[in-house]
Amino acid sequence: MTDDLTGRLKAEARRLGFDGVGIAPAVAPPGYPRFLEWLDAGRSAGMGYMHQHAEARANPDRVLESVRSVVMVSAVYGRRTDPTSPGGTRGKVARYAQGSDYHESLWKRLESLLAWLQDECPGARGRAIADTAPLLERDFARLAGLGWIGKNTMLIDRKLGSFTVLGALLVDVELVIDEPQMAGHCGTCTRCLDACPTDAFAGPYQLDARRCISYWTIEHKGAIPEEFADRLEDWAFGCDVCQDVCPWNRKAPEGRQPELDPRPEWVNPDLIDWLSRDPDEFRKSLKGTALSRSKRAGLLRNAALILGRRGSTEAVPVLIDRLDDADPTVRASAAWALARIGTAEAILALEGRRGRGGDVVPDDVEGAFGGVQPPDVDGETPAGSDRRV
Ligand code: B12
Ligand code: SF4
Ligand code: SF4
């Protein structure tokens, strides 16, 4: 196919709001063996879907038959945020989740790009992907020349930095392939590895999700085991530490997609407010945001653990209320937090429930008094609780 079509496709992608666009060949991704090693080592924690669709990641033709080219796009999101602790009763939300859900805006733009291509090449087939199909996105992004994979495993571009989200358009049209970026530009730097609060890197380029705050606060369902319940720092959803410290983000631009701009209520949310909100109204407020992935139960769990770790006495009344929450994860986390805060009022509330039947939660309370691990309410062994890599 002509340089001309590829050039115009790239121009259209930029017009649609993408900051980076490149073309990768539709081949087996070179990082696939590493991905399998990652799975075998158990580093995907409880993300069963990574195993289920592992084979499909071996080649993009499993996602779109007769695919000829992989158009990779990137978009910078949000605004630079203050990496220091918000303190008080406030928590932090990862920058990517402070605006509207990026999946939707990415997907709509990719669909528009596909429609444009189909106008140019009638009969062309394609599939837009924004985390909606199994594809090693960072591997294809570096193949498409969009950046290199840093020691923190993020796709980094010299100009755009790493606060970018990635999307793909698989097409059966032959486009002009870009020069891949297989060599990195991390040099001797190890800032991300040193700064990670939970030592989640088993080494450069190797993230163990069993130790990652982002995994526990977003992906994990149910109670968080003690080792990590106590180590969420300020993170109520996601974690940006290994990007905040990266020198390549110092001069990176801010996002230009308005829907990804931070909404004030999600930047440093008041965690007592989260715990106090009417459940239905809170659920409604999560619609259309990336935070909805954790659901109300996950977010309230995270909020309770952060406040408990801080010993926030102001949170005691609302945590006592949450001991009667309909959700067992919320109850267990509130019990853990109260035991951790340990004021007379908190202990009395827990004692009052110890051994009571009916709709109270004796197991949660025992777990809290045991002082160690909230019960695994999903009946699934909490990944990482007994393993260290
Ligand atoms: C599962 C997942 C997670 C997991 C695991 C993350 C991980 N590093 O594997 C968890 C929940 C922890 C997570 C967290 C985050 N995620 Co995430 N996640 C994914 C997902 C769905 C799959 C990633 C995957 O396949 N992991 C398996 C590992 C083995 O693959 P990999 O990280 O790509 O590793 C490759 C390289 O490291 C390389 N490699 C391995 N060893 C070596 C050694 C050398 C020398 C070299 C050169 C390369 C190399 O080979 C691997 C295979 O390609 C992707 C979307 C997608 N479909 O790709 C988003 C994705 C990677 N996540 C994304 C984001 C934004 C995040 C967070 C920043 C969110 C947050 N703020 O909390 C954090 C960042 C944490 C981090 N440092 O990675 C973006 C990343 C964008 C970017 N610029 O890189 C993606 C691409 C989603 C998107 N569509 O934009 N995520
Ligand atoms: S996202 Fe946070 S916890 Fe996870 S590897 Fe990066 S710094 Fe560590
Ligand atoms: S902090 Fe340093 S080592 Fe880590 S990704 Fe950035 S440049 Fe690479």
# chains A, B, ... in the order shown; residues from 1 in each chain; ligands from 1
>>> closest_atom_pairs(of="chain A", to="ligand 2", cutoff="8 Å", atoms="only C-alpha atoms and all ligand atoms", output="tab-separated table")
residue	atom	partner	partner_atom_place_in_ligand_line	distance
A:Asn152	CA	ligand 2	6 (Fe)	6.8
A:Cys192	CA	ligand 2	7 (S)	6.7
A:Leu193	CA	ligand 2	8 (Fe)	7.7
A:Ala195	CA	ligand 2	7 (S)	6.5
A:Cys196	CA	ligand 2	7 (S)	3.8
A:Pro197	CA	ligand 2	8 (Fe)	5.8
A:Thr198	CA	ligand 2	3 (S)	5.6
A:Asp199	CA	ligand 2	8 (Fe)	6.3
A:Ala200	CA	ligand 2	5 (S)	5.0
A:Phe201	CA	ligand 2	5 (S)	6.1
A:Leu207	CA	ligand 2	5 (S)	6.2
A:Asp208	CA	ligand 2	5 (S)	7.7
A:Ala209	CA	ligand 2	4 (Fe)	7.2
A:Arg211	CA	ligand 2	3 (S)	6.7
A:Cys212	CA	ligand 2	4 (Fe)	3.8
A:Ile213	CA	ligand 2	3 (S)	4.1
A:Ser214	CA	ligand 2	1 (S)	5.1
A:Tyr215	CA	ligand 2	4 (Fe)	7.1
A:Gly238	CA	ligand 2	1 (S)	6.8
A:Cys239	CA	ligand 2	1 (S)	4.5
A:Asp240	CA	ligand 2	1 (S)	5.4
A:Val241	CA	ligand 2	7 (S)	4.2
A:Cys242	CA	ligand 2	7 (S)	4.0
A:Gln243	CA	ligand 2	6 (Fe)	7.1
>>> residues_near_ligand(ligand="ligand 1", cutoff="6 Å", atoms="only C-alpha atoms and all ligand atoms", output="CSV table (one decimal) with N, CA and C atoms, in the first residue's frame")
chain,number,residue,atom,x,y,z
A,31,GLY,N,7.5,-10.0,22.6
A,31,GLY,CA,7.5,-10.1,24.1
A,31,GLY,C,6.7,-11.3,24.5
A,32,TYR,N,6.1,-12.0,23.6
A,32,TYR,CA,5.2,-13.1,24.0
A,32,TYR,C,5.8,-14.2,24.9
A,34,ARG,N,8.2,-13.7,27.0
A,34,ARG,CA,8.3,-13.1,28.4
A,34,ARG,C,6.9,-13.0,29.1
A,35,PHE,N,5.9,-12.8,28.3
A,35,PHE,CA,4.6,-12.8,28.8
A,35,PHE,C,4.2,-14.1,29.4
A,38,TRP,N,6.0,-14.6,32.6
A,38,TRP,CA,5.3,-13.8,33.7
A,38,TRP,C,4.1,-14.6,34.2
A,94,ALA,N,-5.3,7.5,40.8
A,94,ALA,CA,-4.4,7.5,39.7
A,94,ALA,C,-4.8,8.5,38.6
A,130,ALA,N,-9.6,-1.2,22.6
A,130,ALA,CA,-9.2,-0.3,23.8
A,130,ALA,C,-9.4,-1.2,25.0
A,131,ASP,N,-8.4,-2.1,25.2
A,131,ASP,CA,-8.5,-3.1,26.3
A,131,ASP,C,-9.7,-4.0,26.1
A,134,PRO,N,-7.7,-9.4,23.5
A,134,PRO,CA,-6.3,-9.8,24.0
A,134,PRO,C,-5.2,-9.4,23.1
A,135,LEU,N,-4.4,-8.4,23.5
A,135,LEU,CA,-3.3,-7.9,22.6
A,135,LEU,C,-2.3,-7.4,23.6
A,136,LEU,N,-1.0,-7.7,23.3
A,136,LEU,CA,0.1,-7.2,24.2
A,136,LEU,C,0.3,-5.7,23.7
A,137,GLU,N,-0.4,-4.8,24.2
A,137,GLU,CA,-0.5,-3.5,23.6
A,137,GLU,C,0.9,-2.8,23.7
A,138,ARG,N,1.6,-2.9,24.8
A,138,ARG,CA,2.9,-2.2,24.9
A,138,ARG,C,3.9,-2.8,23.9
A,139,ASP,N,3.8,-4.1,23.7
A,139,ASP,CA,4.8,-4.7,22.8
A,139,ASP,C,4.5,-4.2,21.4
A,149,ILE,N,9.9,0.3,26.1
A,149,ILE,CA,9.4,-0.2,27.4
A,149,ILE,C,10.4,0.1,28.5
A,152,ASN,N,10.1,0.4,34.5
A,152,ASN,CA,8.8,0.3,35.2
A,152,ASN,C,7.8,-0.4,34.4
A,153,THR,N,8.1,-1.0,33.2
A,153,THR,CA,7.3,-1.7,32.3
A,153,THR,C,6.3,-0.8,31.5
A,154,MET,N,6.4,0.5,31.7
A,154,MET,CA,5.6,1.5,31.0
A,154,MET,C,6.1,1.7,29.6
A,155,LEU,N,5.3,2.0,28.7
A,155,LEU,CA,5.7,2.5,27.3
A,155,LEU,C,6.0,3.9,27.4
A,162,SER,N,5.2,8.9,29.8
A,162,SER,CA,4.4,7.6,30.0
A,162,SER,C,3.0,7.8,30.4
A,163,PHE,N,2.6,9.0,30.7
A,163,PHE,CA,1.1,9.1,31.1
A,163,PHE,C,0.3,9.1,29.9
A,164,THR,N,0.3,8.0,29.2
A,164,THR,CA,-0.4,7.8,28.0
A,164,THR,C,-1.2,6.5,28.1
A,165,VAL,N,-2.4,6.5,27.4
A,165,VAL,CA,-3.1,5.2,27.3
A,165,VAL,C,-2.9,4.8,25.8
A,166,LEU,N,-3.0,3.5,25.6
A,166,LEU,CA,-2.8,2.9,24.3
A,166,LEU,C,-4.0,2.3,23.7
A,167,GLY,N,-4.1,2.3,22.4
A,167,GLY,CA,-5.2,1.7,21.7
A,167,GLY,C,-4.7,1.1,20.4
A,205,TYR,N,12.0,-4.2,34.3
A,205,TYR,CA,11.0,-4.7,33.3
A,205,TYR,C,10.1,-5.9,33.8
A,206,GLN,N,10.1,-6.1,35.1
A,206,GLN,CA,9.4,-7.3,35.6
A,206,GLN,C,8.5,-6.8,36.8
A,207,LEU,N,7.3,-6.7,36.5
A,207,LEU,CA,6.3,-6.3,37.6
A,207,LEU,C,5.6,-7.5,38.1
A,209,ALA,N,2.5,-8.4,39.9
A,209,ALA,CA,1.2,-7.8,40.3
A,209,ALA,C,0.8,-8.2,41.7
A,212,CYS,N,1.7,-5.2,43.7
A,212,CYS,CA,1.4,-3.9,43.1
A,212,CYS,C,0.1,-3.3,43.7
A,214,SER,N,-1.6,-0.9,42.5
A,214,SER,CA,-2.5,-0.8,41.4
A,214,SER,C,-3.4,-2.1,41.3
A,215,TYR,N,-2.7,-3.2,41.3
A,215,TYR,CA,-3.5,-4.5,41.3
A,215,TYR,C,-4.4,-4.6,42.4
A,219,GLU,N,-7.9,-4.3,40.7
A,219,GLU,CA,-8.3,-5.6,40.1
A,219,GLU,C,-8.8,-6.6,41.1
A,238,GLY,N,-5.6,2.7,42.0
A,238,GLY,CA,-4.4,2.8,41.2
A,238,GLY,C,-3.2,3.3,41.9
A,239,CYS,N,-2.2,3.5,41.2
A,239,CYS,CA,-0.9,4.1,41.8
A,239,CYS,C,-0.1,4.6,40.7
A,240,ASP,N,0.5,5.8,40.9
A,240,ASP,CA,1.3,6.5,39.9
A,240,ASP,C,2.8,6.6,40.3
>>> residues_near_ligand(ligand="ligand 3", cutoff="6 Å", atoms="only C-alpha atoms and all ligand atoms", output="compact mmCIF listing (two decimals) with C-alpha atoms, in the first residue's frame")
# COMPACT_ATOMS: atom_id res chain seq x y z
CA GLY A 150 10.94 1.34 30.55
CA LYS A 151 12.21 -0.52 33.60
CA ASN A 152 8.84 0.26 35.20
CA CYS A 186 16.52 4.30 30.85
CA CYS A 189 18.42 5.11 36.16
CA THR A 190 16.54 2.96 38.68
CA ARG A 191 14.24 5.58 40.23
CA CYS A 192 11.03 3.68 39.58
CA VAL A 245 9.42 9.64 39.67
CA CYS A 246 10.37 8.99 36.05
CA PRO A 247 12.53 11.79 34.60
>>> select_by_dssp(residues="stretch 167-251 of chain A", states="strand (DSSP E or B)", output="ChimeraX atom specification")
/A:167-171,201-203,206-207,235-237
>>> atom_distance(atom1="atom CA of A:Ser74", atom2="atom CA of A:Leu106")
9.0 Å
>>> closest_residue(among="A:Thr132, A:Gln181, A:Ser105, A:Thr89", to="A:Trp274", atoms="only C-alpha atoms")
A:Thr89
>>> residues_around(residues="stretch 255-265 of chain A", least_positions_apart="4", cutoff="10 Å", atoms="only C-alpha atoms", output="ChimeraX atom specification")
/A:16-19,75-81,95-102,104-106,160,163-164,269-270,289
>>> write_last_selection(atoms="N, CA and C atoms", output="PDB file, in the first residue's frame")
ATOM      1  N   LEU A  16      -7.989  13.363  15.057  1.00  0.00           N
ATOM      2  CA  LEU A  16      -8.993  12.819  15.992  1.00  0.00           C
ATOM      3  C   LEU A  16      -8.567  12.984  17.454  1.00  0.00           C
ATOM      4  N   GLY A  17      -7.334  13.410  17.670  1.00  0.00           N
ATOM      5  CA  GLY A  17      -6.919  13.689  19.052  1.00  0.00           C
ATOM      6  C   GLY A  17      -5.863  12.751  19.610  1.00  0.00           C
ATOM      7  N   PHE A  18      -5.353  11.840  18.795  1.00  0.00           N
ATOM      8  CA  PHE A  18      -4.288  10.974  19.299  1.00  0.00           C
ATOM      9  C   PHE A  18      -2.962  11.727  19.256  1.00  0.00           C
ATOM     10  N   ASP A  19      -2.137  11.507  20.263  1.00  0.00           N
ATOM     11  CA  ASP A  19      -0.845  12.185  20.326  1.00  0.00           C
ATOM     12  C   ASP A  19       0.242  11.391  19.624  1.00  0.00           C
ATOM     13  N   ALA A  75      -2.498   8.292  23.670  1.00  0.00           N
ATOM     14  CA  ALA A  75      -3.086   9.586  24.029  1.00  0.00           C
ATOM     15  C   ALA A  75      -2.636   9.956  25.441  1.00  0.00           C
ATOM     16  N   VAL A  76      -2.066  11.151  25.552  1.00  0.00           N
ATOM     17  CA  VAL A  76      -1.684  11.663  26.878  1.00  0.00           C
ATOM     18  C   VAL A  76      -2.974  12.012  27.613  1.00  0.00           C
ATOM     19  N   TYR A  77      -3.006  11.736  28.906  1.00  0.00           N
ATOM     20  CA  TYR A  77      -4.228  12.039  29.660  1.00  0.00           C
ATOM     21  C   TYR A  77      -3.936  12.918  30.869  1.00  0.00           C
ATOM     22  N   GLY A  78      -4.935  13.717  31.187  1.00  0.00           N
ATOM     23  CA  GLY A  78      -4.964  14.420  32.465  1.00  0.00           C
ATOM     24  C   GLY A  78      -3.917  15.496  32.664  1.00  0.00           C
ATOM     25  N   ARG A  79      -3.814  15.868  33.927  1.00  0.00           N
ATOM     26  CA  ARG A  79      -2.933  16.962  34.331  1.00  0.00           C
ATOM     27  C   ARG A  79      -1.885  16.450  35.303  1.00  0.00           C
ATOM     28  N   ARG A  80      -0.783  17.165  35.371  1.00  0.00           N
ATOM     29  CA  ARG A  80       0.245  16.826  36.342  1.00  0.00           C
ATOM     30  C   ARG A  80      -0.374  16.935  37.737  1.00  0.00           C
ATOM     31  N   THR A  81      -0.115  15.955  38.590  1.00  0.00           N
ATOM     32  CA  THR A  81      -0.723  16.012  39.925  1.00  0.00           C
ATOM     33  C   THR A  81       0.364  16.110  40.976  1.00  0.00           C
ATOM     34  N   ARG A  95      -3.882   9.150  38.034  1.00  0.00           N
ATOM     35  CA  ARG A  95      -4.192  10.215  37.063  1.00  0.00           C
ATOM     36  C   ARG A  95      -5.095   9.719  35.932  1.00  0.00           C
ATOM     37  N   TYR A  96      -4.912   8.492  35.485  1.00  0.00           N
ATOM     38  CA  TYR A  96      -5.692   8.020  34.334  1.00  0.00           C
ATOM     39  C   TYR A  96      -7.172   7.893  34.645  1.00  0.00           C
ATOM     40  N   ALA A  97      -7.511   7.827  35.949  1.00  0.00           N
ATOM     41  CA  ALA A  97      -8.897   7.584  36.343  1.00  0.00           C
ATOM     42  C   ALA A  97      -9.598   8.840  36.864  1.00  0.00           C
ATOM     43  N   GLN A  98      -8.925   9.981  36.764  1.00  0.00           N
ATOM     44  CA  GLN A  98      -9.521  11.187  37.348  1.00  0.00           C
ATOM     45  C   GLN A  98     -10.557  11.845  36.434  1.00  0.00           C
ATOM     46  N   GLY A  99     -10.582  11.454  35.175  1.00  0.00           N
ATOM     47  CA  GLY A  99     -11.564  12.023  34.250  1.00  0.00           C
ATOM     48  C   GLY A  99     -12.582  10.969  33.862  1.00  0.00           C
ATOM     49  N   SER A 100     -13.160  11.107  32.668  1.00  0.00           N
ATOM     50  CA  SER A 100     -14.094  10.082  32.187  1.00  0.00           C
ATOM     51  C   SER A 100     -13.301   8.849  31.775  1.00  0.00           C
ATOM     52  N   ASP A 101     -13.986   7.732  31.666  1.00  0.00           N
ATOM     53  CA  ASP A 101     -13.339   6.460  31.333  1.00  0.00           C
ATOM     54  C   ASP A 101     -12.632   6.555  29.979  1.00  0.00           C
ATOM     55  N   TYR A 102     -11.313   6.336  29.997  1.00  0.00           N
ATOM     56  CA  TYR A 102     -10.547   6.489  28.757  1.00  0.00           C
ATOM     57  C   TYR A 102     -10.931   5.452  27.704  1.00  0.00           C
ATOM     58  N   GLU A 104     -13.746   4.477  26.677  1.00  0.00           N
ATOM     59  CA  GLU A 104     -14.811   4.952  25.791  1.00  0.00           C
ATOM     60  C   GLU A 104     -14.300   5.966  24.788  1.00  0.00           C
ATOM     61  N   SER A 105     -13.524   6.948  25.279  1.00  0.00           N
ATOM     62  CA  SER A 105     -13.083   8.000  24.353  1.00  0.00           C
ATOM     63  C   SER A 105     -12.098   7.424  23.336  1.00  0.00           C
ATOM     64  N   LEU A 106     -11.250   6.498  23.794  1.00  0.00           N
ATOM     65  CA  LEU A 106     -10.295   5.864  22.887  1.00  0.00           C
ATOM     66  C   LEU A 106     -11.040   5.068  21.823  1.00  0.00           C
ATOM     67  N   LEU A 160       6.400  12.511  24.879  1.00  0.00           N
ATOM     68  CA  LEU A 160       5.090  12.391  25.544  1.00  0.00           C
ATOM     69  C   LEU A 160       5.181  11.814  26.944  1.00  0.00           C
ATOM     70  N   PHE A 163       2.559   9.003  30.734  1.00  0.00           N
ATOM     71  CA  PHE A 163       1.149   9.144  31.139  1.00  0.00           C
ATOM     72  C   PHE A 163       0.272   9.119  29.874  1.00  0.00           C
ATOM     73  N   THR A 164       0.344   7.996  29.191  1.00  0.00           N
ATOM     74  CA  THR A 164      -0.433   7.809  27.972  1.00  0.00           C
ATOM     75  C   THR A 164      -1.245   6.527  28.079  1.00  0.00           C
ATOM     76  N   PRO A 269     -10.137  12.618  46.601  1.00  0.00           N
ATOM     77  CA  PRO A 269     -11.454  12.469  47.220  1.00  0.00           C
ATOM     78  C   PRO A 269     -11.378  12.351  48.745  1.00  0.00           C
ATOM     79  N   ASP A 270     -12.428  12.880  49.369  1.00  0.00           N
ATOM     80  CA  ASP A 270     -12.532  12.738  50.819  1.00  0.00           C
ATOM     81  C   ASP A 270     -13.058  11.327  51.115  1.00  0.00           C
ATOM     82  N   THR A 289     -16.812   6.283  34.508  1.00  0.00           N
ATOM     83  CA  THR A 289     -15.448   6.548  34.973  1.00  0.00           C
ATOM     84  C   THR A 289     -14.707   5.212  35.069  1.00  0.00           C
TER      85      THR A 289
END
>>> closest_residue(among="A:Arg231, A:His220, A:Arg125, A:Arg310", to="A:Glu174", atoms="only C-alpha atoms")
A:Arg125
>>> residues_around(residues="A:Ser312", least_positions_apart="3", cutoff="10 Å", atoms="only C-alpha atoms", output="PyMOL selection string")
chain A and resi 88-89+272+304+306-309+315-316+337-338+340-343
>>> write_last_selection(atoms="C-alpha atoms", output="CSV table (one decimal), in the first residue's frame")
chain,number,residue,atom,x,y,z
A,88,GLY,CA,-6.2,14.4,56.5
A,89,THR,CA,-9.0,12.2,55.3
A,272,ILE,CA,-15.0,9.8,54.8
A,304,ALA,CA,-11.3,2.2,55.0
A,306,ILE,CA,-6.2,4.0,54.2
A,307,LEU,CA,-8.0,5.7,57.0
A,308,GLY,CA,-7.3,2.8,59.4
A,309,ARG,CA,-3.6,2.9,58.5
A,315,ALA,CA,-13.4,8.2,60.6
A,316,VAL,CA,-14.6,6.1,63.6
A,337,ALA,CA,-9.6,-0.2,60.2
A,338,LEU,CA,-11.4,0.1,63.5
A,340,ARG,CA,-6.1,-0.5,63.7
A,341,ILE,CA,-7.4,2.9,65.0
A,342,GLY,CA,-8.0,1.3,68.3
A,343,THR,CA,-9.8,4.1,70.2
>>> closest_residue(among="A:Lys221, A:Leu275, A:Phe282, A:Arg62", to="A:Ala45", atoms="only C-alpha atoms")
A:Lys221
>>> atom_distance(atom1="atom CA of A:Gly91", atom2="atom CA of A:Asn249")
22.3 Å
>>> closest_residue(among="A:Arg15, A:Arg142, A:His185, A:Arg90", to="A:Ser112", atoms="only C-alpha atoms")
A:Arg15
>>> atom_distance(atom1="atom CA of A:Glu120", atom2="atom CA of A:Pro29")
28.2 Å
>>> select_by_dssp(residues="stretch 217-303 of chain A", states="helix (DSSP H, G or I)", output="PyMOL selection string")
chain A and resi 217-219+226-229+241-244+247-249+258-260+264-267+271-276+279-286+290-293+295-303
>>> closest_residue(among="A:Ala133, A:Leu5, A:Ala229, A:Ala41", to="A:Arg57", atoms="only C-alpha atoms")
A:Ala133
>>> closest_residue(among="A:Ile23, A:Val171, A:Ala202, A:Leu114", to="A:Gly42", atoms="only C-alpha atoms")
A:Ala202
>>> residues_around(residues="A:Leu350", least_positions_apart="2", cutoff="8 Å", atoms="only C-alpha atoms", output="PyMOL selection string")
chain A and resi 335+338-339+346-348+352-354+365
>>> write_last_selection(atoms="N, CA and C atoms", output="PDB file, in the first residue's frame")
ATOM      1  N   ALA A 335     -13.903  -3.249  59.806  1.00  0.00           N
ATOM      2  CA  ALA A 335     -13.482  -3.878  61.069  1.00  0.00           C
ATOM      3  C   ALA A 335     -11.966  -3.793  61.219  1.00  0.00           C
ATOM      4  N   LEU A 338     -11.043  -0.212  62.146  1.00  0.00           N
ATOM      5  CA  LEU A 338     -11.381   0.150  63.531  1.00  0.00           C
ATOM      6  C   LEU A 338     -10.385  -0.471  64.499  1.00  0.00           C
ATOM      7  N   ALA A 339     -10.038  -1.731  64.262  1.00  0.00           N
ATOM      8  CA  ALA A 339      -9.062  -2.388  65.139  1.00  0.00           C
ATOM      9  C   ALA A 339      -7.737  -1.646  65.069  1.00  0.00           C
ATOM     10  N   ALA A 346     -13.984   2.690  69.050  1.00  0.00           N
ATOM     11  CA  ALA A 346     -13.792   1.717  67.963  1.00  0.00           C
ATOM     12  C   ALA A 346     -13.782   0.292  68.523  1.00  0.00           C
ATOM     13  N   ILE A 347     -13.045   0.093  69.600  1.00  0.00           N
ATOM     14  CA  ILE A 347     -12.932  -1.252  70.183  1.00  0.00           C
ATOM     15  C   ILE A 347     -14.279  -1.709  70.734  1.00  0.00           C
ATOM     16  N   LEU A 348     -14.984  -0.753  71.360  1.00  0.00           N
ATOM     17  CA  LEU A 348     -16.295  -1.084  71.931  1.00  0.00           C
ATOM     18  C   LEU A 348     -17.249  -1.563  70.826  1.00  0.00           C
ATOM     19  N   GLY A 352     -18.785  -5.236  70.679  1.00  0.00           N
ATOM     20  CA  GLY A 352     -20.239  -5.375  70.694  1.00  0.00           C
ATOM     21  C   GLY A 352     -20.722  -6.358  69.647  1.00  0.00           C
ATOM     22  N   ARG A 353     -19.942  -6.515  68.610  1.00  0.00           N
ATOM     23  CA  ARG A 353     -20.358  -7.408  67.529  1.00  0.00           C
ATOM     24  C   ARG A 353     -19.719  -8.785  67.634  1.00  0.00           C
ATOM     25  N   ARG A 354     -18.731  -8.898  68.449  1.00  0.00           N
ATOM     26  CA  ARG A 354     -18.029 -10.178  68.555  1.00  0.00           C
ATOM     27  C   ARG A 354     -19.009 -11.265  68.996  1.00  0.00           C
ATOM     28  N   VAL A 365     -15.172  -9.383  62.528  1.00  0.00           N
ATOM     29  CA  VAL A 365     -14.665  -8.808  63.766  1.00  0.00           C
ATOM     30  C   VAL A 365     -13.525  -9.665  64.312  1.00  0.00           C
TER      31      VAL A 365
END
>>> residues_around(residues="A:Leu300", least_positions_apart="4", cutoff="10 Å", atoms="only C-alpha atoms", output="list in words")
Ala236, Leu271, Ile272, Trp274, Leu275, Ser276, Ser294, Lys295, Arg296, Ala304, Leu305, Ile306, Arg322, Asp327, Thr329, Val330, Arg331, Ser333 and Ala334 of chain A
